[in-house]
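What's in final.cif: mmCIF, C-alpha atoms
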```cif
data_coords
loop_
_atom_site.label_atom_id
_atom_site.label_comp_id
_atom_site.auth_asym_id
_atom_site.auth_seq_id
_atom_site.Cartn_x
_atom_site.Cartn_y
_atom_site.Cartn_z
CA MET A 1 0.00 0.00 0.00
CA THR A 2 1.29 3.46 -0.86
CA THR A 3 0.72 5.93 1.95
CA ALA A 4 3.00 8.77 0.87
CA THR A 5 0.06 11.09 0.28
CA LEU A 6 -1.59 10.54 3.65
CA GLU A 7 -1.99 13.43 5.99
CA LYS A 8 1.02 15.37 7.16
CA PRO A 9 1.85 15.33 10.87
CA ALA A 10 0.93 18.51 12.71
CA ALA A 11 3.45 20.55 14.61
CA ALA A 12 3.61 19.47 18.25
CA THR A 13 2.61 22.42 20.41
CA THR A 14 1.03 22.56 23.84
CA ALA A 15 -1.07 25.47 25.04
CA PRO A 16 -0.08 27.09 28.35
CA GLY A 17 -1.73 25.32 31.25
CA ALA A 18 -2.70 22.28 29.17
CA PRO A 19 -2.66 18.87 30.89
CA ALA A 20 0.21 16.45 30.37
CA SER A 21 0.22 15.27 26.78
CA PRO A 22 -0.47 11.65 25.80
CA PRO A 23 2.99 11.19 24.23
CA SER A 24 4.62 11.77 27.63
CA ARG A 25 2.29 9.18 29.15
CA ALA A 26 3.05 6.80 26.31
CA ALA A 27 6.80 7.34 26.16
CA ALA A 28 7.51 4.13 28.06
CA ALA A 29 4.24 2.41 27.21
CA LYS A 30 3.33 -0.15 24.61
CA ILE A 31 1.81 0.97 21.31
CA ILE A 32 -1.63 -0.23 20.24
CA LEU A 33 -2.77 0.31 16.65
CA LEU A 34 -6.47 0.97 16.17
CA GLY A 35 -8.47 0.67 12.97
CA PHE A 36 -11.64 2.64 13.61
CA ASP A 37 -14.81 3.05 11.56
CA LEU A 38 -16.75 5.88 13.24
CA GLY A 39 -20.18 5.22 11.78
CA THR A 40 -23.40 7.19 12.04
CA ASN A 41 -25.30 4.25 13.56
CA LYS A 42 -22.64 1.63 14.30
CA SER A 43 -18.90 1.87 14.80
CA CYS A 44 -16.26 -0.83 14.52
CA ALA A 45 -12.95 -0.93 16.38
CA LEU A 46 -10.16 -3.41 15.61
CA ALA A 47 -6.90 -3.20 17.49
CA GLY A 48 -3.60 -5.01 17.64
CA PRO A 49 0.12 -4.55 18.19
CA PRO A 50 2.48 -3.18 15.52
CA GLY A 51 4.68 -5.65 13.70
CA SER A 52 2.00 -8.33 13.80
CA THR A 53 -1.19 -9.39 12.06
CA ASP A 54 -2.90 -10.25 15.35
CA ILE A 55 -6.22 -8.62 16.22
CA VAL A 56 -6.64 -8.51 19.99
CA VAL A 57 -9.80 -6.35 20.12
CA SER A 58 -12.75 -6.63 17.72
CA LYS A 59 -15.88 -4.67 18.66
CA VAL A 60 -18.94 -3.41 16.79
CA VAL A 61 -20.62 -0.76 18.93
CA PRO A 62 -23.82 1.23 18.30
CA THR A 63 -22.75 4.87 17.94
CA VAL A 64 -24.86 6.27 20.75
CA VAL A 65 -24.37 7.64 24.26
CA GLY A 66 -27.02 7.52 26.96
CA TYR A 67 -27.16 10.09 29.76
CA VAL A 68 -29.13 8.78 32.75
CA LYS A 69 -32.25 10.83 33.49
CA ASP A 70 -32.74 12.57 36.83
CA GLY A 71 -34.71 10.68 39.46
CA ILE A 72 -33.83 7.13 38.37
CA VAL A 73 -34.08 4.78 41.36
CA ASP A 74 -30.76 3.50 42.75
CA GLY A 75 -29.81 0.11 41.36
CA ILE A 76 -31.74 0.42 38.10
CA ILE A 77 -28.44 1.23 36.33
CA ALA A 78 -25.50 -1.02 37.25
CA GLY A 79 -23.16 0.85 39.54
CA ASN A 80 -25.48 3.87 39.34
CA ALA A 81 -23.50 4.98 36.29
CA GLN A 82 -24.47 8.32 34.81
CA VAL A 83 -23.25 7.73 31.24
CA LEU A 84 -23.84 4.58 29.17
CA HIS A 85 -22.58 3.65 25.72
CA GLY A 86 -23.62 1.50 22.77
CA GLU A 87 -25.71 -1.60 23.51
CA GLU A 88 -25.91 -0.79 27.21
CA ALA A 89 -27.38 2.63 26.44
CA LEU A 90 -29.95 1.06 24.10
CA ARG A 91 -30.91 -1.55 26.73
CA HIS A 92 -31.72 1.27 29.13
CA MET A 93 -33.42 3.57 26.62
CA LEU A 94 -36.34 4.15 29.01
CA HIS A 95 -33.98 5.51 31.65
CA VAL A 96 -31.52 7.55 29.60
CA ARG A 97 -31.45 10.42 27.15
CA LEU A 98 -30.01 8.88 24.00
CA VAL A 99 -27.74 11.14 21.94
CA ALA A 100 -26.05 10.25 18.64
CA PRO A 101 -22.62 11.90 18.35
CA VAL A 102 -22.52 11.49 14.55
CA ALA A 103 -25.00 12.59 11.86
CA GLU A 104 -24.59 12.11 8.10
CA GLY A 105 -21.12 10.73 8.70
CA VAL A 106 -19.71 13.76 10.55
CA ILE A 107 -19.49 14.89 14.17
CA ALA A 108 -22.82 16.36 15.28
CA ASP A 109 -22.12 16.85 19.00
CA PRO A 110 -18.43 17.19 19.96
CA ALA A 111 -18.95 16.67 23.69
CA VAL A 112 -20.93 13.47 23.12
CA ALA A 113 -18.39 12.33 20.51
CA ARG A 114 -15.60 12.69 23.08
CA ASP A 115 -17.58 10.59 25.56
CA PHE A 116 -18.01 7.93 22.87
CA LEU A 117 -14.32 7.98 21.89
CA ARG A 118 -13.32 7.63 25.55
CA HIS A 119 -15.46 4.50 25.66
CA ILE A 120 -13.75 3.14 22.54
CA ARG A 121 -10.37 3.81 24.10
CA SER A 122 -11.41 1.94 27.26
CA LEU A 123 -12.33 -1.10 25.13
CA VAL A 124 -8.99 -1.01 23.33
CA ASP A 125 -6.81 -0.22 26.34
CA PRO A 126 -8.53 -0.85 29.69
CA SER A 127 -5.30 0.11 31.50
CA GLY A 128 -5.34 3.60 29.99
CA GLN A 129 -1.55 3.50 29.76
CA ALA A 130 -0.85 2.50 26.15
CA GLU A 131 -0.09 4.81 23.27
CA ILE A 132 -3.04 4.57 20.88
CA ARG A 133 -2.44 5.24 17.19
CA ALA A 134 -5.73 5.30 15.33
CA VAL A 135 -6.53 5.27 11.62
CA ILE A 136 -10.06 6.65 11.39
CA GLY A 137 -12.32 6.35 8.35
CA VAL A 138 -14.02 9.52 7.11
CA PRO A 139 -16.73 9.97 4.46
CA ALA A 140 -15.54 10.37 0.87
CA ASN A 141 -14.49 13.96 0.21
CA ALA A 142 -14.98 14.95 3.84
CA GLY A 143 -14.15 18.64 4.11
CA ALA A 144 -11.50 20.28 6.23
CA ALA A 145 -14.03 21.29 8.90
CA ALA A 146 -15.29 17.71 9.29
CA ARG A 147 -11.75 16.38 9.57
CA ASP A 148 -10.81 19.06 12.11
CA ASP A 149 -13.84 18.12 14.21
CA ILE A 150 -12.65 14.51 14.41
CA ARG A 151 -9.13 15.59 15.36
CA ARG A 152 -10.40 17.89 18.10
CA CYS A 153 -12.67 15.19 19.51
CA ALA A 154 -9.82 12.65 19.48
CA GLN A 155 -7.34 15.02 21.12
CA GLY A 156 -6.21 13.73 24.51
CA ILE A 157 -7.97 10.40 23.90
CA PHE A 158 -5.93 8.94 21.04
CA ASP A 159 -2.25 9.83 20.76
CA ARG A 160 -1.81 9.88 16.97
CA VAL A 161 -4.26 9.67 14.10
CA LEU A 162 -4.56 9.31 10.34
CA LEU A 163 -7.83 10.13 8.55
CA ILE A 164 -8.51 8.12 5.37
CA PRO A 165 -11.65 7.91 3.15
CA GLU A 166 -13.92 5.06 4.19
CA PRO A 167 -14.51 3.44 0.77
CA PHE A 168 -10.75 3.23 0.17
CA LEU A 169 -10.35 1.54 3.56
CA ALA A 170 -13.25 -0.78 2.72
CA ALA A 171 -11.42 -1.88 -0.44
CA LEU A 172 -8.23 -2.45 1.55
CA GLY A 173 -10.17 -4.45 4.15
CA PHE A 174 -12.06 -6.44 1.52
CA ARG A 175 -8.79 -7.39 -0.18
CA ASP A 176 -7.78 -11.01 0.35
CA ASP A 177 -4.03 -10.63 0.86
CA SER A 178 -3.48 -14.37 0.44
CA ARG A 179 -4.78 -14.21 -3.16
CA VAL A 180 -3.10 -11.03 -4.38
CA ASN A 181 -0.60 -12.86 -6.60
CA GLN A 182 -3.10 -15.32 -8.06
CA PRO A 183 -3.63 -14.62 -11.79
CA ASN A 184 -7.44 -14.73 -11.73
CA TYR A 185 -7.91 -12.66 -8.57
CA LEU A 186 -9.62 -9.30 -9.10
CA ASP A 187 -7.69 -7.23 -6.57
CA PRO A 188 -10.06 -4.51 -5.27
CA VAL A 189 -7.14 -2.23 -4.44
CA VAL A 190 -5.79 -2.38 -8.02
CA ASN A 191 -8.99 -1.56 -9.89
CA SER A 192 -12.47 -1.41 -8.38
CA LEU A 193 -15.36 0.87 -7.59
CA PHE A 194 -16.67 0.73 -4.03
CA ILE A 195 -20.13 1.84 -2.93
CA ASP A 196 -20.16 2.16 0.86
CA ILE A 197 -23.73 2.74 2.09
CA GLY A 198 -23.76 3.66 5.76
CA GLY A 199 -26.25 5.32 8.04
CA GLY A 200 -25.62 8.95 7.13
CA THR A 201 -23.91 8.92 3.72
CA SER A 202 -23.41 6.74 0.67
CA ASP A 203 -19.77 7.02 -0.37
CA LEU A 204 -18.52 5.98 -3.80
CA CYS A 205 -14.85 5.72 -4.69
CA LEU A 206 -12.64 4.69 -7.58
CA VAL A 207 -9.84 2.54 -6.16
CA GLN A 208 -7.03 2.06 -8.66
CA GLY A 209 -3.86 1.36 -6.71
CA TYR A 210 -3.22 4.86 -5.39
CA PHE A 211 -4.66 7.07 -2.70
CA PRO A 212 -7.91 8.48 -4.19
CA THR A 213 -8.13 12.12 -5.17
CA ALA A 214 -11.20 14.33 -4.74
CA GLU A 215 -12.17 13.48 -8.33
CA ASP A 216 -12.18 9.78 -7.47
CA GLN A 217 -14.76 10.14 -4.69
CA ILE A 218 -18.39 11.17 -4.34
CA SER A 219 -20.34 11.36 -1.09
CA VAL A 220 -24.15 11.32 -1.30
CA PRO A 221 -26.02 12.58 1.80
CA PHE A 222 -28.65 9.84 1.47
CA ALA A 223 -28.25 6.46 3.14
CA GLY A 224 -29.77 4.27 5.84
CA ASP A 225 -31.15 7.06 8.01
CA ALA A 226 -32.78 8.72 5.01
CA ILE A 227 -34.42 5.43 4.03
CA ASP A 228 -35.74 5.13 7.59
CA ALA A 229 -37.16 8.65 7.39
CA ALA A 230 -38.80 7.97 4.01
CA LEU A 231 -40.29 4.69 5.25
CA HIS A 232 -41.52 6.35 8.45
CA ALA A 233 -43.21 9.13 6.46
CA GLU A 234 -44.83 6.62 4.12
CA LEU A 235 -46.18 4.53 7.01
CA ASP A 236 -47.50 7.67 8.72
CA ARG A 237 -49.33 8.54 5.50
CA VAL A 238 -50.87 5.11 5.00
CA TYR A 239 -51.41 4.28 8.69
CA PRO A 240 -52.02 7.56 10.57
CA ASN A 241 -51.28 7.60 14.31
CA ASN A 242 -49.43 4.30 14.10
CA GLY A 243 -47.13 5.26 16.98
CA LEU A 244 -44.12 3.48 15.50
CA SER A 245 -40.79 4.79 16.75
CA ARG A 246 -37.88 5.47 14.40
CA HIS A 247 -36.06 2.58 16.09
CA ARG A 248 -38.92 0.18 15.26
CA VAL A 249 -39.10 1.48 11.67
CA ARG A 250 -35.38 0.78 11.29
CA GLU A 251 -35.94 -2.78 12.50
CA LEU A 252 -38.68 -3.25 9.89
CA LYS A 253 -36.37 -1.95 7.15
CA GLU A 254 -33.47 -4.15 8.23
CA THR A 255 -35.71 -7.23 8.31
CA HIS A 256 -37.78 -6.67 5.16
CA GLY A 257 -36.07 -3.91 3.11
CA TYR A 258 -35.53 -4.37 -0.62
CA VAL A 259 -35.19 -2.49 -3.90
CA GLY A 260 -36.76 -3.12 -7.30
CA PRO A 261 -40.38 -3.80 -8.30
CA SER A 262 -42.93 -3.79 -5.49
CA ARG A 263 -43.24 -7.13 -3.70
CA LYS A 264 -46.53 -8.13 -2.10
CA PRO A 265 -47.64 -9.25 0.31
CA ILE A 266 -45.19 -8.23 3.04
CA GLU A 267 -47.47 -8.27 6.07
CA VAL A 268 -46.03 -7.47 9.48
CA LYS A 269 -47.74 -7.54 12.86
CA VAL A 270 -46.99 -4.57 15.10
CA VAL A 271 -48.39 -3.40 18.42
CA MET A 272 -50.03 0.01 18.36
CA GLY A 273 -51.60 1.36 21.52
CA GLY A 274 -51.26 -2.06 23.12
CA LYS A 275 -53.20 -3.78 20.32
CA ALA A 276 -51.86 -5.98 17.52
CA HIS A 277 -52.30 -4.69 13.95
CA THR A 278 -51.15 -6.04 10.60
CA LEU A 279 -49.40 -3.60 8.25
CA GLU A 280 -48.81 -4.19 4.54
CA LEU A 281 -45.29 -2.90 3.88
CA GLY A 282 -44.65 -3.94 0.26
CA ASP A 283 -45.21 -0.61 -1.48
CA ALA A 284 -43.76 1.51 1.34
CA LEU A 285 -40.54 -0.51 1.45
CA ALA A 286 -40.19 -0.36 -2.34
CA ARG A 287 -40.58 3.42 -2.47
CA ALA A 288 -38.13 4.00 0.39
CA GLY A 289 -35.51 1.58 -0.97
CA ASN A 290 -35.74 2.71 -4.58
CA ALA A 291 -35.15 6.29 -3.44
CA LEU A 292 -31.62 5.14 -2.53
CA ILE A 293 -31.05 3.76 -6.04
CA GLU A 294 -32.19 7.06 -7.56
CA LYS A 295 -29.70 8.95 -5.39
CA ILE A 296 -26.58 6.81 -5.87
CA TYR A 297 -26.89 5.59 -9.48
CA PRO A 298 -25.99 8.95 -11.11
CA SER A 299 -22.85 9.12 -8.95
CA LEU A 300 -21.96 5.55 -9.90
CA THR A 301 -22.10 6.30 -13.63
CA ARG A 302 -20.21 9.57 -13.13
CA LEU A 303 -17.27 7.77 -11.54
CA ILE A 304 -17.28 5.06 -14.22
CA GLU A 305 -17.02 7.77 -16.86
CA ARG A 306 -14.04 9.30 -15.04
CA ALA A 307 -12.06 6.05 -15.25
CA SER A 308 -9.53 5.74 -18.05
CA SER A 309 -10.56 3.82 -21.16
CA ASP A 310 -7.76 1.33 -20.48
CA SER A 311 -9.14 0.44 -17.04
CA VAL A 312 -12.91 0.74 -17.38
CA LEU A 313 -13.68 -2.77 -18.70
CA ALA A 314 -11.90 -4.41 -15.77
CA LEU A 315 -13.41 -1.85 -13.41
CA LEU A 316 -16.92 -2.82 -14.50
CA GLN A 317 -16.17 -6.37 -13.35
CA ASN A 318 -15.27 -5.22 -9.84
CA ILE A 319 -18.06 -3.02 -8.46
CA VAL A 320 -18.56 -3.79 -4.76
CA VAL A 321 -21.39 -2.70 -2.49
CA THR A 322 -20.55 -2.61 1.22
CA GLY A 323 -21.82 -1.01 4.42
CA GLY A 324 -25.19 -1.63 6.02
CA GLY A 325 -26.97 -0.72 2.77
CA SER A 326 -25.43 -3.77 1.10
CA GLN A 327 -27.91 -5.86 3.10
CA ILE A 328 -30.92 -4.39 1.29
CA ARG A 329 -32.29 -7.21 -0.80
CA GLY A 330 -31.70 -6.93 -4.52
CA ILE A 331 -29.43 -3.89 -4.48
CA ASP A 332 -26.64 -5.63 -6.41
CA ALA A 333 -29.01 -7.04 -9.04
CA VAL A 334 -30.86 -3.74 -9.52
CA LEU A 335 -27.65 -1.71 -9.95
CA GLN A 336 -26.21 -4.30 -12.34
CA LYS A 337 -29.38 -4.34 -14.44
CA LYS A 338 -29.49 -0.54 -14.65
CA LEU A 339 -25.89 -0.49 -15.86
CA THR A 340 -26.61 -3.20 -18.43
CA ASP A 341 -29.76 -1.45 -19.64
CA ASP A 342 -27.76 1.76 -20.05
CA GLY A 343 -25.28 0.01 -22.33
CA TYR A 344 -22.31 -0.59 -20.03
CA GLU A 345 -20.26 -3.61 -21.13
CA SER A 346 -20.89 -6.74 -19.00
CA PRO A 347 -20.99 -5.04 -15.58
CA LYS A 348 -20.74 -7.16 -12.45
CA VAL A 349 -21.95 -5.78 -9.11
CA LYS A 350 -21.17 -7.88 -6.06
CA LEU A 351 -21.88 -7.63 -2.34
CA ALA A 352 -19.07 -7.40 0.20
CA GLY A 353 -20.71 -10.14 2.30
CA GLN A 354 -21.65 -10.65 5.91
CA ASP A 355 -18.42 -9.10 7.23
CA PHE A 356 -19.44 -5.70 5.85
CA LYS A 357 -19.46 -4.12 9.33
CA ARG A 358 -15.73 -4.72 9.72
CA TYR A 359 -14.17 -4.00 6.32
CA VAL A 360 -13.46 -0.29 6.91
CA ALA A 361 -11.89 -1.07 10.28
CA ILE A 362 -9.89 -3.99 8.81
CA GLY A 363 -8.55 -1.67 6.12
CA ALA A 364 -7.81 0.99 8.71
CA LEU A 365 -5.79 -1.44 10.81
CA LYS A 366 -3.86 -2.53 7.70
CA ALA A 367 -3.15 1.13 6.95
CA ALA A 368 -2.00 1.70 10.52
CA ARG A 369 0.46 -1.16 10.21
CA SER A 370 1.93 0.18 6.98
CA ALA A 371 2.07 3.89 7.93
CA ARG A 372 5.46 5.49 8.30
CA GLU A 373 6.39 7.25 11.53
CA ASN A 374 6.26 10.73 9.97
CA GLN A 375 2.73 10.20 8.62
CA TRP A 376 1.03 10.06 11.99
CA GLN A 377 -0.50 13.27 13.23
CA VAL A 378 0.34 13.83 16.89
CA LEU A 379 -2.58 14.89 19.08
CA LEU A 380 -1.56 16.63 22.28
CA GLY A 381 -3.86 16.64 25.28
#
```
As structure tokens - that is how I would like this structure written.
Amino acid sequence: MTTATLEKPAAATTAPGAPASPPSRAAAAKIILLGFDLGTNKSCALAGPPGSTDIVVSKVVPTVVGYVKDGIVDGIIAGNAQVLHGEEALRHMLHVRLVAPVAEGVIADPAVARDFLRHIRSLVDPSGQAEIRAVIGVPANAGAAARDDIRRCAQGIFDRVLLIPEPFLAALGFRDDSRVNQPNYLDPVVNSLFIDIGGGTSDLCLVQGYFPTAEDQISVPFAGDAIDAALHAELDRVYPNNGLSRHRVRELKETHGYVGPSRKPIEVKVVMGGKAHTLELGDALARAGNALIEKIYPSLTRLIERASSDSVLALLQNIVVTGGGSQIRGIDAVLQKKLTDDGYESPKVKLAGQDFKRYVAIGALKAARSARENQWQVLLG
């Protein structure tokens, strides 16, 4: 992997009166490398030592923080904790104020994001004494402000960071290193087009053996959360006063979601006002899912047209859909058919598979292990 164009290290300066910096803490400590996918709805952290392929921490955590409400009876929350994270926060949703630190792929609440990153650090290094070097995935073409927000939130929590576009990391994570030299292996890092559909954004990226430029990436602010909102609105229109929460609507999408022609019947029993009702979801799911296709397909064809004529035929054989959106039924077949109908030569769209939640983090950990010393940006406390 070529990392010469990754971010330049910042000058190491400490403001007057600032607390002791992490590097001083870590001077005699072990180094832990962290590959981190900070997702809108779910985050993945993989960690291991440098100079090894071992993964000693592998966690997928809902990207949410819960702040315990006033007046909760002692003992309801274990240890009477005041702040909960991830699955624990969701288990106690009746007793906490749930806050998402990330929206549309970028930091929405810096204070909450810092609480969440502290939790991630505690999972990676319970002792709190190691030097943590984190490669963090960011949405394609994330702007300077979005990147600065991540750095500020990570300051004093992680010791050094690199920020790399998520779809590029997904390609690196999806790559089967054991097959790279096999003649029939389509190496995703050499020539592919990745479509990473998350909660907040759908990121598309040409991956052709070098670090992608701005022209190689497109980020579409329409993804899983937008599908949830569209489905929720459609159900409210067809079934007024249904009382379904956004969390329940997301569960319905994840269980029954699809794209393509309307499929009926898709009948689901739900409880509304304490009574069981049967909802027909076929049309509502089709409209919500197909809205995603309408948003990402123009960006897909735009990136194909930007590829060189010498690479485009092979590129069309290596289009990969990853992220949570890859689990929507039929998305690979619908995209492939649209490309074929539009005259593209023998396109092949494939799904990244069941390990989609980890590919960005796997790629990030690979990048951390290949980064040179002068490419890490030092974050002082």
Each residue of range 99-141 of chain A with at least one atom at most 6 Å from range 39-47 of chain A should appear once, together with its nearest atom pair and the corresponding distance in Å (one decimal); atoms considered: all atoms listed in the file; ordering: chain, then increasing residue number; output as JSON lines.
```
{"residue": "A:Val102", "atom": "CA", "partner": "A:Thr40", "partner_atom": "CA", "distance": 5.1}
{"residue": "A:Ala103", "atom": "CA", "partner": "A:Thr40", "partner_atom": "CA", "distance": 5.6}
{"residue": "A:Gly105", "atom": "CA", "partner": "A:Thr40", "partner_atom": "CA", "distance": 5.4}
```
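Nearest residue to Tyr185 in chain A, choosing from A:Asn318, A:Leu38, A:Ser326, A:Gly86 and counting only C-alpha atoms: A:Asn318.
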- prompt: So which one's closest to Asp159 in chain A, A:Asp177, A:Glu131, A:Glu215, A:Asp54? Using all atoms listed in the file, please.
  reply: A:Glu131
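Residue membership of the PyMOL selection byres ((chain A and resi 260-270) around 6) in the shown file amounts to Val259, Val271, Ala276, His277, Thr278, Leu279, Glu280, Leu281, Gly282, Asp283 and Ala286 of chain A.
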message: as a ChimeraX atom specification, please: the residues near Leu33 in chain A (cut-off 7 Å, only C-alpha atoms, same-chain neighbours under 2 positions excluded).
response: /A:31,35,47-50,132-134,365,368
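Proximity of A:Phe116, A:Tyr239, A:Phe211, A:Phe194 to Leu303 in chain A, computed with only C-alpha atoms, is greatest for A:Phe194.
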message: As a check of understanding, name the residues that the PyMOL selection byres ((chain A and resi 217-222) around 10) selects in the supplied structure, as number ranges by chain.
response: A: 104-105, 139-142, 165, 167-168, 193-207, 212-216, 223-227, 291-293, 295-296, 299-300, 302-303
query: Hey, what's within 12 Å of Asp342 in chain A if we count all atoms listed in the file and toss same-chain stuff fewer than 5 positions away? As number ranges by chain, please?
result: A: 297-298, 301, 335-337, 347
task: Name the residues captured by the PyMOL selection byres ((chain A and resi 151) around 12) when it is applied to the shown file; answer as an MDAnalysis selection string.
output: chainID A and resid 7 9:10 106:107 110 113:114 117 134:136 138 144:150 152:163 377:381
message: Which residue is closest to Lys357 in chain A? Choose from A:Ser52, A:Ser58, A:Thr255, A:Ser127 and count all atoms listed in the file.
response: A:Ser58
- request: Considering all atoms listed in the file, state which residue in the set A:His256, A:Ala284, A:Gly71, A:Glu373 is at the smallest distance from Arg237 in chain A.
  value: A:Ala284
Return as AutoDock Vina command-line options the centre and edge lengths, in Å with one decimal, of the box along x, y and z that encloses every atom of range 57-62 of chain A in the file, padded by 3 Å per side.
```
--center_x -16.8 --center_y -2.7 --center_z 18.5 --size_x 20.0 --size_y 13.9 --size_z 9.3
```
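For the residues A:Val64, A:Ile120, A:Leu186, A:Ala89, ranking by smallest atom-to-atom distance to Ala314 in chain A using all atoms listed in the file places A:Leu186 first.
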